[in-house]
Amino acid sequence: MNIPWLESQRQRIEQALVRQRLGHAPLFCGPAGLGKLELAEWLMARLLCLAPVDQAPCGTCRSCELLASGGHPDSFRLRIPEEKKEIPVDSVRQLISSLQLTPRIGPHRVGLIEPAEAMNRNAANALLKTLEEPAENAWLILVSHQPGQLPATIRSRCQKIVVRPPDDDQATAWLADRHAGVTPADRERALALAAGAPLAASDLLESDGLDFGQRILNGLLQVAQGGPVSAAVGDDWLARPDLTWRWLAVWMAAFMRQSQGLPGTELPDQVALPRPVSAKRLAGLWERTLAGRQMADTAVRHDLLMGKWLLEWARIFPSGQ
Ligand SMILES: [Zn+2]
């Protein structure tokens with residue numbers, strides 16, 4: 001694991017483990033893109049390693065090798081199955097029965113659920129029993145981007161480990177190191193879009209995340225100049241509603257700052273709206289992007305929601321101005 005902002009936290013976990021103060025059901029929580037999963041995977045490797053070196057997984061024992069190859073008989077991963085939106089109860093039951101068997105390689109069996117909030121109600125209930133009466137050698141590691149969505153009964157039986165974003169300087173330096181070929185402005189934009197989460201910002205820079213944002217901005221400007229709303233919402237807007245709403249929020253926030261004469265790095269040079277717009281109106285639209293984003297994973301009609309949002313946007317710019 002090489003994530004500088006998690007290093008001190010990793011050491012604390014390690015110390016708790018050595019002093020036997022780490023519960024058998026740690027819950028890693030915090031926003032996406034901070035490295036919670038990496039930390040959880042490190043703990044899994046540490047628990048399974050047969051000969052830790054300096055309290056870290058050795059990387060060379062049979063257990064470490066099996067884990068790296070993905071075929072460790074005492075390690076179990078639970079994710080959202082492909083083409084599903086949640087972790088079903090059957091998968092959880094299977095995990096529970098696997099964890100109850102005697103370890104095959106080392107002293108522990110370890111299950112890792114990510115993201116834990118994707119368990120549906122029945123799945124969470126099935127897990128509850130295991131958390132109440134854990135098998136002696138079993139560890140259950142939970143990773144959650146939105147722990148508030150987990151039943152309180154689950155949360156209260158886990159040992160919460162909160163992962164926080166690094167400070168801006170550390171995040172910027174890390175991103176610059178990994179994306180030396182990208183302009184500082186683009187890196188800052190990605191970091192702002194990712195709410196300061198460096199891994200998420202890095203993903204945006206690696207995918208076409210920034211170009212996508214530029215296309216959304218172009219669509220907004222076209223509508224502001226009197227272009228048709230129907231032409232602005234592209235298929236790509238609807239293919240990734242979460243990212244679309246996030247970009248709309250970024251651009252609204254950037255226009256708000258511009259309207260108040262505040263400095264901001266998100267807007268590309270010389271991008272300006274055809275007429276001044278009050279920050280209050282922009283704030284109203286910004287709030288609606290947050291509402292849209294909260295529904296990103298639901299079956300709501302985003303084409304209708306985005307169409308309505310854009311109509312509101314268009315109304316700010318009466319034609320001919
Ligand atoms: Zn090892």
# chains A, B, ... in the order shown; residues from 1 in each chain; ligands from 1
$ closest_atom_pairs --of "chain A" --to "ligand 1" --cutoff "10 Å" --atoms "only C-alpha atoms and all ligand atoms" --output "tab-separated table"
residue	atom	partner	partner_atom_place_in_ligand_line	distance
A:Ala45	CA	ligand 1	1 (Zn)	7.5
A:Arg46	CA	ligand 1	1 (Zn)	7.6
A:Leu47	CA	ligand 1	1 (Zn)	9.2
A:Leu48	CA	ligand 1	1 (Zn)	7.3
A:Cys49	CA	ligand 1	1 (Zn)	3.7
A:Leu50	CA	ligand 1	1 (Zn)	5.1
A:Ala51	CA	ligand 1	1 (Zn)	5.2
A:Pro52	CA	ligand 1	1 (Zn)	5.7
A:Val53	CA	ligand 1	1 (Zn)	8.0
A:Ala56	CA	ligand 1	1 (Zn)	8.2
A:Pro57	CA	ligand 1	1 (Zn)	4.8
A:Cys58	CA	ligand 1	1 (Zn)	3.9
A:Gly59	CA	ligand 1	1 (Zn)	4.7
A:Thr60	CA	ligand 1	1 (Zn)	5.3
A:Cys61	CA	ligand 1	1 (Zn)	4.1
A:Arg62	CA	ligand 1	1 (Zn)	6.7
A:Ser63	CA	ligand 1	1 (Zn)	5.7
A:Cys64	CA	ligand 1	1 (Zn)	4.3
A:Glu65	CA	ligand 1	1 (Zn)	7.4
A:Leu66	CA	ligand 1	1 (Zn)	9.5
A:Leu67	CA	ligand 1	1 (Zn)	9.2
$ write_last_selection --atoms "N, CA and C atoms" --output "CSV table (one decimal), in the first residue's frame"
chain,number,residue,atom,x,y,z
A,45,ALA,N,-4.6,-8.7,3.9
A,45,ALA,CA,-3.3,-9.3,3.7
A,45,ALA,C,-2.5,-9.5,5.0
A,46,ARG,N,-2.6,-8.5,5.8
A,46,ARG,CA,-1.9,-8.6,7.1
A,46,ARG,C,-2.4,-9.7,8.0
A,47,LEU,N,-3.7,-9.9,8.0
A,47,LEU,CA,-4.3,-10.9,8.8
A,47,LEU,C,-4.0,-12.3,8.3
A,48,LEU,N,-3.9,-12.4,6.9
A,48,LEU,CA,-3.7,-13.7,6.3
A,48,LEU,C,-2.2,-14.1,6.2
A,49,CYS,N,-1.3,-13.1,6.2
A,49,CYS,CA,0.1,-13.4,6.1
A,49,CYS,C,0.6,-14.3,7.2
A,50,LEU,N,1.4,-15.3,6.8
A,50,LEU,CA,1.9,-16.3,7.7
A,50,LEU,C,3.2,-15.8,8.5
A,51,ALA,N,3.9,-14.8,7.9
A,51,ALA,CA,5.1,-14.3,8.5
A,51,ALA,C,5.3,-12.9,8.3
A,52,PRO,N,4.5,-12.0,8.9
A,52,PRO,CA,4.6,-10.6,8.7
A,52,PRO,C,6.0,-10.1,9.0
A,53,VAL,N,6.5,-9.2,8.1
A,53,VAL,CA,7.8,-8.5,8.4
A,53,VAL,C,7.5,-7.1,8.8
A,56,ALA,N,4.0,-5.9,8.7
A,56,ALA,CA,3.4,-5.8,7.4
A,56,ALA,C,3.4,-7.1,6.7
A,57,PRO,N,2.4,-7.3,5.7
A,57,PRO,CA,2.4,-8.6,5.0
A,57,PRO,C,3.7,-8.8,4.3
A,58,CYS,N,4.3,-10.0,4.3
A,58,CYS,CA,5.6,-10.2,3.8
A,58,CYS,C,5.6,-10.2,2.3
A,59,GLY,N,4.5,-10.6,1.7
A,59,GLY,CA,4.5,-10.6,0.2
A,59,GLY,C,5.1,-11.9,-0.4
A,60,THR,N,5.7,-12.7,0.4
A,60,THR,CA,6.3,-13.9,-0.2
A,60,THR,C,5.9,-15.2,0.3
A,61,CYS,N,5.2,-15.2,1.5
A,61,CYS,CA,4.8,-16.5,2.0
A,61,CYS,C,3.7,-17.1,1.1
A,62,ARG,N,3.3,-18.4,1.4
A,62,ARG,CA,2.3,-19.1,0.6
A,62,ARG,C,1.0,-18.3,0.6
A,63,SER,N,0.7,-17.8,1.8
A,63,SER,CA,-0.6,-17.1,2.0
A,63,SER,C,-0.6,-15.8,1.1
A,64,CYS,N,0.5,-15.0,1.2
A,64,CYS,CA,0.6,-13.8,0.4
A,64,CYS,C,0.5,-14.1,-1.0
A,65,GLU,N,1.2,-15.2,-1.5
A,65,GLU,CA,1.2,-15.5,-2.9
A,65,GLU,C,-0.2,-15.9,-3.4
A,66,LEU,N,-0.9,-16.7,-2.5
A,66,LEU,CA,-2.2,-17.1,-2.9
A,66,LEU,C,-3.2,-15.9,-3.0
A,67,LEU,N,-3.0,-15.0,-2.0
A,67,LEU,CA,-3.9,-13.8,-2.0
A,67,LEU,C,-3.6,-13.0,-3.3
$ closest_atom_pairs --of "range 148-222 of chain A" --to "range 21-35 of chain A" --cutoff "7 Å" --atoms "only C-alpha atoms" --output "CSV"
residue,atom,partner,partner_atom,distance
A:Cys158,CA,A:Ala25,CA,5.0
A:Gln159,CA,A:Pro26,CA,4.5
A:Lys160,CA,A:Leu27,CA,4.8
A:Ile161,CA,A:Phe28,CA,4.8
A:Val162,CA,A:Cys29,CA,5.0
A:Val163,CA,A:Gly30,CA,5.1
A:Arg164,CA,A:Gly30,CA,6.2
A:Pro165,CA,A:Leu34,CA,6.2
A:Ala197,CA,A:Gly33,CA,5.0
A:Pro198,CA,A:Gly33,CA,6.3
A:Leu199,CA,A:Gly33,CA,4.6
A:Ala200,CA,A:Gly33,CA,4.3
$ closest_residue --among "A:Val277, A:Glu117, A:Gly209, A:Val143" --to "Lys85 in chain A" --atoms "only C-alpha atoms"
A:Glu117
$ residues_around --residues "Pro103 in chain A" --least-positions-apart "4" --cutoff "12 Å" --atoms "only C-alpha atoms" --output "PyMOL selection string"
chain A and resi 47-48+63+72-76+98-99+107-110+135-139
$ residues_around --residues "range 214-218 of chain A" --least-positions-apart "4" --cutoff "12 Å" --atoms "only C-alpha atoms" --output "PyMOL selection string"
chain A and resi 186+189-190+208-210+222-225+227+231-238+240-241+243-252+254-255+266-268+271-273+306+310
$ atom_distance --atom1 "CA of Gly181 in chain A" --atom2 "CA of Asp211 in chain A"
15.4 Å
$ closest_residue --among "A:Ile105, A:Leu305, A:Thr153, A:Leu142" --to "Arg288 in chain A" --atoms "only C-alpha atoms"
A:Leu305
$ closest_residue --among "A:Leu131, A:Arg121, A:Arg275, A:Arg178" --to "Pro151 in chain A" --atoms "only C-alpha atoms"
A:Arg121
$ closest_residue --among "A:Ala171, A:Leu6, A:Val89, A:Ala239" --to "Phe212 in chain A" --atoms "only C-alpha atoms"
A:Ala239
$ select_by_dssp --residues "range 74-291 of chain A" --states "alpha helix (DSSP H)" --output "PyMOL selection string"
chain A and resi 89-100+121-132+152-156+168-178+184-193+198-206+209-224+229-232+235-239+241-259+279-291
$ atom_distance --atom1 "CA of Arg93 in chain A" --atom2 "CA of Gln294 in chain A"
29.4 Å
$ select_by_dssp --residues "range 126-181 of chain A" --states "strand (DSSP E)" --output "MDAnalysis selection string"
chainID A and resid 138:144 159:162
$ atom_distance --atom1 "CA of Leu95 in chain A" --atom2 "CA of Leu17 in chain A"
23.1 Å
$ decode --residues "range 26-40 of chain A" --atoms "all heavy atoms" --output "PDB file, in the first residue's frame"
ATOM      1  N   PRO A  26     -14.063  -4.527  11.579  1.00  0.00           N
ATOM      2  CA  PRO A  26     -13.821  -3.105  11.334  1.00  0.00           C
ATOM      3  C   PRO A  26     -14.674  -2.600  10.166  1.00  0.00           C
ATOM      4  O   PRO A  26     -14.911  -3.325   9.200  1.00  0.00           O
ATOM      5  CB  PRO A  26     -12.327  -3.047  10.984  1.00  0.00           C
ATOM      6  CG  PRO A  26     -11.961  -4.425  10.550  1.00  0.00           C
ATOM      7  CD  PRO A  26     -12.932  -5.377  11.195  1.00  0.00           C
ATOM      8  N   LEU A  27     -15.132  -1.364  10.313  1.00  0.00           N
ATOM      9  CA  LEU A  27     -15.932  -0.729   9.247  1.00  0.00           C
ATOM     10  C   LEU A  27     -15.176   0.513   8.775  1.00  0.00           C
ATOM     11  O   LEU A  27     -15.071   1.508   9.491  1.00  0.00           O
ATOM     12  CB  LEU A  27     -17.303  -0.348   9.794  1.00  0.00           C
ATOM     13  CG  LEU A  27     -18.163   0.637   8.992  1.00  0.00           C
ATOM     14  CD1 LEU A  27     -18.518   0.078   7.621  1.00  0.00           C
ATOM     15  CD2 LEU A  27     -19.450   0.980   9.756  1.00  0.00           C
ATOM     16  N   PHE A  28     -14.614   0.428   7.566  1.00  0.00           N
ATOM     17  CA  PHE A  28     -13.897   1.565   7.006  1.00  0.00           C
ATOM     18  C   PHE A  28     -14.914   2.477   6.331  1.00  0.00           C
ATOM     19  O   PHE A  28     -15.614   2.059   5.410  1.00  0.00           O
ATOM     20  CB  PHE A  28     -12.866   1.104   5.979  1.00  0.00           C
ATOM     21  CG  PHE A  28     -11.705   0.365   6.596  1.00  0.00           C
ATOM     22  CD1 PHE A  28     -11.725  -1.016   6.730  1.00  0.00           C
ATOM     23  CD2 PHE A  28     -10.601   1.067   7.055  1.00  0.00           C
ATOM     24  CE1 PHE A  28     -10.662  -1.690   7.312  1.00  0.00           C
ATOM     25  CE2 PHE A  28      -9.530   0.400   7.641  1.00  0.00           C
ATOM     26  CZ  PHE A  28      -9.564  -0.977   7.772  1.00  0.00           C
ATOM     27  N   CYS A  29     -15.005   3.717   6.794  1.00  0.00           N
ATOM     28  CA  CYS A  29     -15.973   4.593   6.142  1.00  0.00           C
ATOM     29  C   CYS A  29     -15.376   5.959   5.821  1.00  0.00           C
ATOM     30  O   CYS A  29     -14.392   6.387   6.421  1.00  0.00           O
ATOM     31  CB  CYS A  29     -17.245   4.714   6.965  1.00  0.00           C
ATOM     32  SG  CYS A  29     -17.005   4.884   8.705  1.00  0.00           S
ATOM     33  N   GLY A  30     -15.997   6.611   4.855  1.00  0.00           N
ATOM     34  CA  GLY A  30     -15.518   7.899   4.356  1.00  0.00           C
ATOM     35  C   GLY A  30     -15.881   8.003   2.888  1.00  0.00           C
ATOM     36  O   GLY A  30     -16.311   7.011   2.289  1.00  0.00           O
ATOM     37  N   PRO A  31     -15.747   9.195   2.306  1.00  0.00           N
ATOM     38  CA  PRO A  31     -16.117   9.370   0.900  1.00  0.00           C
ATOM     39  C   PRO A  31     -15.316   8.453  -0.031  1.00  0.00           C
ATOM     40  O   PRO A  31     -14.219   8.024   0.325  1.00  0.00           O
ATOM     41  CB  PRO A  31     -15.774  10.838   0.618  1.00  0.00           C
ATOM     42  CG  PRO A  31     -15.571  11.480   1.938  1.00  0.00           C
ATOM     43  CD  PRO A  31     -15.211  10.420   2.908  1.00  0.00           C
ATOM     44  N   ALA A  32     -15.869   8.186  -1.210  1.00  0.00           N
ATOM     45  CA  ALA A  32     -15.186   7.348  -2.193  1.00  0.00           C
ATOM     46  C   ALA A  32     -13.927   8.041  -2.695  1.00  0.00           C
ATOM     47  O   ALA A  32     -13.864   9.269  -2.756  1.00  0.00           O
ATOM     48  CB  ALA A  32     -16.131   7.049  -3.351  1.00  0.00           C
ATOM     49  N   GLY A  33     -12.945   7.249  -3.035  1.00  0.00           N
ATOM     50  CA  GLY A  33     -11.753   7.812  -3.677  1.00  0.00           C
ATOM     51  C   GLY A  33     -10.645   8.208  -2.729  1.00  0.00           C
ATOM     52  O   GLY A  33      -9.716   8.919  -3.108  1.00  0.00           O
ATOM     53  N   LEU A  34     -10.733   7.751  -1.462  1.00  0.00           N
ATOM     54  CA  LEU A  34      -9.689   8.095  -0.492  1.00  0.00           C
ATOM     55  C   LEU A  34      -8.742   6.939  -0.224  1.00  0.00           C
ATOM     56  O   LEU A  34      -7.702   7.123   0.409  1.00  0.00           O
ATOM     57  CB  LEU A  34     -10.323   8.525   0.840  1.00  0.00           C
ATOM     58  CG  LEU A  34     -11.152   9.795   0.826  1.00  0.00           C
ATOM     59  CD1 LEU A  34     -11.701  10.075   2.216  1.00  0.00           C
ATOM     60  CD2 LEU A  34     -10.301  10.965   0.365  1.00  0.00           C
ATOM     61  N   GLY A  35      -9.102   5.730  -0.667  1.00  0.00           N
ATOM     62  CA  GLY A  35      -8.233   4.586  -0.429  1.00  0.00           C
ATOM     63  C   GLY A  35      -8.717   3.666   0.683  1.00  0.00           C
ATOM     64  O   GLY A  35      -7.939   2.876   1.209  1.00  0.00           O
ATOM     65  N   LYS A  36     -10.013   3.742   1.017  1.00  0.00           N
ATOM     66  CA  LYS A  36     -10.545   2.866   2.062  1.00  0.00           C
ATOM     67  C   LYS A  36     -10.362   1.390   1.692  1.00  0.00           C
ATOM     68  O   LYS A  36      -9.981   0.580   2.520  1.00  0.00           O
ATOM     69  CB  LYS A  36     -12.053   3.109   2.267  1.00  0.00           C
ATOM     70  CG  LYS A  36     -12.397   4.475   2.783  1.00  0.00           C
ATOM     71  CD  LYS A  36     -13.880   4.567   3.141  1.00  0.00           C
ATOM     72  CE  LYS A  36     -14.788   4.276   1.966  1.00  0.00           C
ATOM     73  NZ  LYS A  36     -14.678   5.237   0.856  1.00  0.00           N
ATOM     74  N   LEU A  37     -10.640   1.083   0.420  1.00  0.00           N
ATOM     75  CA  LEU A  37     -10.544  -0.306  -0.017  1.00  0.00           C
ATOM     76  C   LEU A  37      -9.089  -0.788   0.069  1.00  0.00           C
ATOM     77  O   LEU A  37      -8.823  -1.912   0.499  1.00  0.00           O
ATOM     78  CB  LEU A  37     -11.077  -0.434  -1.451  1.00  0.00           C
ATOM     79  CG  LEU A  37     -11.066  -1.853  -2.019  1.00  0.00           C
ATOM     80  CD1 LEU A  37     -11.904  -2.794  -1.170  1.00  0.00           C
ATOM     81  CD2 LEU A  37     -11.571  -1.862  -3.460  1.00  0.00           C
ATOM     82  N   GLU A  38      -8.161   0.075  -0.302  1.00  0.00           N
ATOM     83  CA  GLU A  38      -6.741  -0.282  -0.237  1.00  0.00           C
ATOM     84  C   GLU A  38      -6.337  -0.587   1.207  1.00  0.00           C
ATOM     85  O   GLU A  38      -5.598  -1.526   1.472  1.00  0.00           O
ATOM     86  CB  GLU A  38      -5.880   0.843  -0.816  1.00  0.00           C
ATOM     87  CG  GLU A  38      -5.903   0.965  -2.333  1.00  0.00           C
ATOM     88  CD  GLU A  38      -7.194   1.560  -2.887  1.00  0.00           C
ATOM     89  OE1 GLU A  38      -8.086   1.954  -2.095  1.00  0.00           O
ATOM     90  OE2 GLU A  38      -7.327   1.614  -4.130  1.00  0.00           O
ATOM     91  N   LEU A  39      -6.853   0.229   2.125  1.00  0.00           N
ATOM     92  CA  LEU A  39      -6.555   0.027   3.545  1.00  0.00           C
ATOM     93  C   LEU A  39      -7.171  -1.299   4.023  1.00  0.00           C
ATOM     94  O   LEU A  39      -6.541  -2.070   4.750  1.00  0.00           O
ATOM     95  CB  LEU A  39      -7.130   1.202   4.340  1.00  0.00           C
ATOM     96  CG  LEU A  39      -6.544   1.536   5.702  1.00  0.00           C
ATOM     97  CD1 LEU A  39      -5.047   1.698   5.644  1.00  0.00           C
ATOM     98  CD2 LEU A  39      -7.190   2.818   6.248  1.00  0.00           C
ATOM     99  N   ALA A  40      -8.383  -1.562   3.603  1.00  0.00           N
ATOM    100  CA  ALA A  40      -9.072  -2.802   3.977  1.00  0.00           C
ATOM    101  C   ALA A  40      -8.337  -4.012   3.394  1.00  0.00           C
ATOM    102  O   ALA A  40      -8.174  -5.043   4.054  1.00  0.00           O
ATOM    103  CB  ALA A  40     -10.518  -2.770   3.486  1.00  0.00           C
TER     104      ALA A  40
END
